[in-house]
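See structure below.
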Protein chains: 2
Amino acid sequence: MTENAAAKAHACSYETDEHGLAHWTEAHADAWIGLLETHKQLTRALDAELTAQHGLSLSGLELLARLAAADQRQMHLTQLAGASGLSLSRVSRIIGGLEERKLVERHSCPSDARAVHAQINDAGLALVRSAQATHFASVQAAFFDQLDENEIATLACVFGRFAPRASGRCDAGA
Amino acid sequence: MTENAAAKAHACSYETDEHGLAHWTEAHADAWIGLLETHKQLTRALDAELTAQHGLSLSGLELLARLAAADQRQMHLTQLAGASGLSLSRVSRIIGGLEERKLVERHSCPSDARAVHAQINDAGLALVRSAQATHFASVQAAFFDQLDENEIATLACVFGRFAPRASGRCDAGA
DNA sequence: CACAACTAGTTGCGGGCGCAACTGTTGGCG
DNA sequence: CGCCAACAGTTGCGCCCGCAACTAGTTGTG
């Protein structure tokens, strides 16, 4: 029953059954639900590991990594928020936590008294390096090792459509 | 063809630059970061819409949909937790909220006094239908419309590897 | 039967998250 | 110059989430 449905799928990819309950074609459901499910599983595991080993959340690591890669090792909170897709309020609080742990410092911006430079220090840099080392290995094992190169390329292409922001990141140079 | 690349990739797919900062190859970064980023964007938007229009979170809709599709329109909380990948405590509280809104009822299980049947009622069914209708249309517009059939198939295949649980869901019959 | 091991569900707690309201600063425009 | 809109950042709040501790009922074993 899914054969013809799949062909029609692009034009109309969800329907309702005899009880009025909506559902997708199988491939569509697997793709969407799979995305949610896979994200849930992977981030739960990776975040837990990161927290246990380095006391950092995924978001904390992301901000720290961006600072580490930034010019002068510093960025404005608004820049960080824009780059990471987090709200400014969240960034403010995460930086607050990192500051308490003496991993970053806040310096008020000389050219704009409203603004703040969050600057990563040597302790922060050291932590980023060790956290990234173990984290990247985990992502490799949990994610990339389950995929072949073609699949990785497809994912990169597909997700690039949704998250143009993502590419210009810690790797940046390119 | 991909044999060698894949072999190399498997051996070492991330490196450190001259400053000791770790990074992946571009395609790897785009795939992984893109997954995180895409999920963040889509779920934020969809969840906000769902909440605004129907007062349901994504998780709430999932539970309600599972109940609607279940035999007797009822399930044990533990079953729901297992099927949805949520913790039992979360399921308990979400069902609590739905119960307050008179969308589901708790019935203690006749054959096991510890257990509870969460049962969706007519109001719940009506809400599921209308919520799914708009939600599915949104997912279609925000997600599937950006993909072609081959990409959807690849995603379904890839994510199926991580989330075996996902396939046997609301569509279930298959 | 009695006792231990296990299971279903509930609840206290802490953490992540964004929105909205607020302070202080800046910059444009009359 | 004075004023107001826009902006950077902070903080109160409420939601979502899981873990751990707890209650209560079940099952297996001597």
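Just so we're on the same page: first chain in the structure tokens is A, next is B, and so on; residues restart at 1 for each chain, and ligands are numbered from 1 in the order they show up.
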Please determine the contact residues of chain A with respect to chain B at a cut-off of 7 Å, counting only C-alpha atoms, and supply them as a CSV table (one decimal) with C-alpha atoms, in the first residue's frame.
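File produced: out_18.csv:
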```csv
chain,number,residue,atom,x,y,z
A,20,GLY,CA,-9.4,10.7,11.2
A,21,LEU,CA,-5.9,10.3,12.5
A,22,ALA,CA,-3.3,11.9,10.5
A,23,HIS,CA,-0.1,10.2,9.4
A,27,ALA,CA,9.7,7.3,4.6
A,28,HIS,CA,8.5,10.7,5.6
A,30,ASP,CA,11.0,7.8,9.4
A,31,ALA,CA,12.9,10.9,8.2
A,33,ILE,CA,10.6,11.3,13.6
A,34,GLY,CA,14.1,9.8,13.1
A,35,LEU,CA,15.6,13.3,13.1
A,37,GLU,CA,14.7,10.7,17.9
A,38,THR,CA,18.3,10.7,16.8
A,129,ARG,CA,41.0,21.7,24.1
A,132,GLN,CA,36.8,19.0,22.4
A,133,ALA,CA,39.2,16.1,22.2
A,145,ASP,CA,31.0,5.8,12.6
A,148,ASP,CA,29.5,6.3,5.1
A,149,GLU,CA,31.0,9.3,3.3
A,152,ILE,CA,27.7,12.4,5.5
A,153,ALA,CA,27.8,14.5,2.3
A,155,LEU,CA,23.5,15.3,5.4
A,156,ALA,CA,25.9,18.2,5.1
A,159,PHE,CA,21.3,20.6,6.7
A,160,GLY,CA,23.3,23.4,5.0
A,162,PHE,CA,18.4,25.0,7.0
A,163,ALA,CA,21.4,26.3,8.9
A,166,ALA,CA,26.5,26.7,10.9
A,167,SER,CA,29.2,26.5,8.3
A,171,ASP,CA,36.7,25.8,11.7
```
Item to complete: Report as a PyMOL selection string the set of chain D residues whose atoms approach chain B to within 7 Å, with distances computed over only C-alpha atoms (C1' of nucleotides).
Response: chain D and resi 18+24-25
Discussion item. Please list as JSON, numbers by chain every residue within 12 Å of DC15 of chain D, counting only C-alpha atoms (C1' of nucleotides) and excluding residues in the same chain fewer than 4 positions away.
Written reply: {"B": [47, 48, 51, 55, 56, 57, 94], "C": [16, 17, 18, 19]}
Requested write-out: N, CA and C atoms (P, O5', C5', C4', C3', O3' and C1' of nucleotides) of the selected residues, as a JSON list (two decimals), in the first residue's frame:
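This is the output file part_21.json:
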```json
[["chain", "number", "residue", "atom", "x", "y", "z"],
["B", 47, "ASP", "N", 7.29, 23.98, 17.76],
["B", 47, "ASP", "CA", 6.78, 23.91, 19.12],
["B", 47, "ASP", "C", 6.06, 25.20, 19.48],
["B", 48, "ALA", "N", 6.62, 26.32, 19.07],
["B", 48, "ALA", "CA", 5.98, 27.60, 19.37],
["B", 48, "ALA", "C", 4.61, 27.66, 18.71],
["B", 51, "THR", "N", 2.16, 25.31, 20.48],
["B", 51, "THR", "CA", 1.77, 25.84, 21.78],
["B", 51, "THR", "C", 0.77, 26.99, 21.61],
["B", 55, "GLY", "N", -2.06, 24.84, 22.49],
["B", 55, "GLY", "CA", -1.66, 24.68, 23.88],
["B", 55, "GLY", "C", -0.98, 23.36, 24.17],
["B", 56, "LEU", "N", -0.39, 22.77, 23.14],
["B", 56, "LEU", "CA", 0.29, 21.50, 23.32],
["B", 56, "LEU", "C", 1.78, 21.64, 23.02],
["B", 57, "SER", "N", 2.62, 20.98, 23.81],
["B", 57, "SER", "CA", 4.02, 20.89, 23.44],
["B", 57, "SER", "C", 4.18, 19.76, 22.44],
["B", 94, "ILE", "N", 3.30, 15.07, 32.11],
["B", 94, "ILE", "CA", 2.60, 15.54, 30.91],
["B", 94, "ILE", "C", 1.16, 15.02, 30.95],
["C", 16, "DG", "P", 22.70, 24.22, 32.97],
["C", 16, "DG", "O5'", 21.65, 24.06, 31.79],
["C", 16, "DG", "C5'", 21.59, 22.84, 31.07],
["C", 16, "DG", "C4'", 20.50, 22.98, 30.05],
["C", 16, "DG", "C3'", 20.61, 24.28, 29.27],
["C", 16, "DG", "O3'", 20.54, 24.03, 27.87],
["C", 16, "DG", "C1'", 18.45, 24.11, 30.29],
["C", 17, "DC", "P", 20.85, 25.20, 26.85],
["C", 17, "DC", "O5'", 19.46, 25.96, 26.69],
["C", 17, "DC", "C5'", 18.41, 25.32, 25.97],
["C", 17, "DC", "C4'", 17.16, 26.14, 26.05],
["C", 17, "DC", "C3'", 17.34, 27.62, 25.77],
["C", 17, "DC", "O3'", 17.17, 27.93, 24.40],
["C", 17, "DC", "C1'", 15.77, 27.21, 27.54],
["C", 18, "DG", "P", 17.35, 29.38, 23.90],
["C", 18, "DG", "O5'", 15.92, 30.07, 24.09],
["C", 18, "DG", "C5'", 14.78, 29.46, 23.51],
["C", 18, "DG", "C4'", 13.54, 30.27, 23.85],
["C", 18, "DG", "C3'", 13.61, 31.72, 23.40],
["C", 18, "DG", "O3'", 12.33, 32.07, 22.88],
["C", 18, "DG", "C1'", 13.32, 31.62, 25.76],
["C", 19, "DC", "P", 12.04, 33.50, 22.21],
["C", 19, "DC", "O5'", 11.02, 34.22, 23.20],
["C", 19, "DC", "C5'", 9.90, 33.49, 23.70],
["C", 19, "DC", "C4'", 9.23, 34.30, 24.79],
["C", 19, "DC", "C3'", 9.11, 35.79, 24.46],
["C", 19, "DC", "O3'", 7.82, 36.21, 24.85],
["C", 19, "DC", "C1'", 10.23, 35.52, 26.51]]
```
Worksheet item: Separation of atom CA of Gly96 of chain B and atom C1' of DG12 of chain C, in Å?
Response: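 Taking atom CA of Gly96 of chain B as the start and atom C1' of DG12 of chain C as the end point, the length is 16.3 Å.
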Item to complete: Apply DSSP to the structure's backbone, then extract all residues of chain A labelled strand (DSSP E) and return them as a ChimeraX atom specification.
Response: /A:14-16,22-24,74-76,104-108,116-120
Please produce an output containing N, CA and C atoms for each residue in the selection, written as a short mmCIF file (atom, residue, chain, number, x, y, z; two decimals), in the first residue's frame.
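Wrote result-v9.cif, looks like this:
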```
data_model
loop_
_atom_site.label_atom_id
_atom_site.label_comp_id
_atom_site.auth_asym_id
_atom_site.auth_seq_id
_atom_site.Cartn_x
_atom_site.Cartn_y
_atom_site.Cartn_z
N TYR A 14 0.86 13.63 3.47
CA TYR A 14 0.23 13.05 4.65
C TYR A 14 -1.26 12.94 4.40
N GLU A 15 -1.86 12.01 5.09
CA GLU A 15 -3.28 11.71 4.88
C GLU A 15 -3.91 11.39 6.22
N THR A 16 -5.19 11.13 6.20
CA THR A 16 -5.83 10.70 7.44
C THR A 16 -6.43 9.32 7.23
N ALA A 22 -4.18 11.57 11.53
CA ALA A 22 -3.26 11.91 10.45
C ALA A 22 -1.98 11.08 10.54
N HIS A 23 -1.40 10.84 9.41
CA HIS A 23 -0.10 10.16 9.39
C HIS A 23 0.59 10.41 8.06
N TRP A 24 1.94 10.25 8.06
CA TRP A 24 2.72 10.44 6.86
C TRP A 24 2.93 9.10 6.16
N GLN A 74 37.95 36.99 21.93
CA GLN A 74 36.83 37.64 22.59
C GLN A 74 35.72 37.96 21.59
N MET A 75 34.50 38.01 22.09
CA MET A 75 33.35 38.36 21.28
C MET A 75 32.32 39.08 22.15
N HIS A 76 31.44 39.83 21.50
CA HIS A 76 30.31 40.42 22.21
C HIS A 76 29.26 39.34 22.44
N VAL A 104 36.33 32.43 31.56
CA VAL A 104 36.24 33.61 30.69
C VAL A 104 36.18 34.85 31.59
N GLU A 105 36.43 36.00 30.97
CA GLU A 105 36.33 37.27 31.69
C GLU A 105 35.44 38.21 30.90
N ARG A 106 34.73 39.06 31.63
CA ARG A 106 33.95 40.10 30.98
C ARG A 106 34.75 41.39 31.02
N HIS A 107 34.89 42.02 29.86
CA HIS A 107 35.52 43.34 29.83
C HIS A 107 34.53 44.28 29.17
N SER A 108 34.30 45.42 29.75
CA SER A 108 33.36 46.33 29.08
C SER A 108 34.06 46.92 27.87
N VAL A 116 29.74 44.30 26.05
CA VAL A 116 30.69 43.55 26.87
C VAL A 116 31.49 42.64 25.95
N HIS A 117 32.78 42.57 26.20
CA HIS A 117 33.56 41.54 25.53
C HIS A 117 33.67 40.34 26.46
N ALA A 118 33.24 39.19 26.00
CA ALA A 118 33.54 37.97 26.74
C ALA A 118 34.84 37.44 26.18
N GLN A 119 35.82 37.27 27.05
CA GLN A 119 37.13 36.83 26.58
C GLN A 119 37.55 35.55 27.28
N ILE A 120 37.94 34.59 26.51
CA ILE A 120 38.37 33.32 27.09
C ILE A 120 39.81 33.46 27.57
#
```
Discussion item. One decimal, in Å: what's the spacing between atom CA of Ala81 of chain B and atom CA of Leu58 of chain A?
Written reply: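 Separation of atom CA of Ala81 of chain B and atom CA of Leu58 of chain A: 24.6 Å.
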Item to complete: Could you jot down the atom CA of Leu46 of chain B to atom C1' of DC7 of chain D separation for me, Å, one decimal place?
Response: 28.2 Å
Discussion item. Quick check: residues of chain C within 8 Å of chain B, only C-alpha atoms (C1' of nucleotides), returned as a list in words.
Written reply: DA8, DG9 and DT10 of chain C
Put those residues in a file: C-alpha atoms (C1' of nucleotides), as a tab-separated table (two decimals), in the first residue's frame.
```
chain	number	residue	atom	x	y	z
C	8	DA	C1'	4.68	1.28	38.13
C	9	DG	C1'	4.08	5.62	39.16
C	10	DT	C1'	4.75	10.11	41.77
```
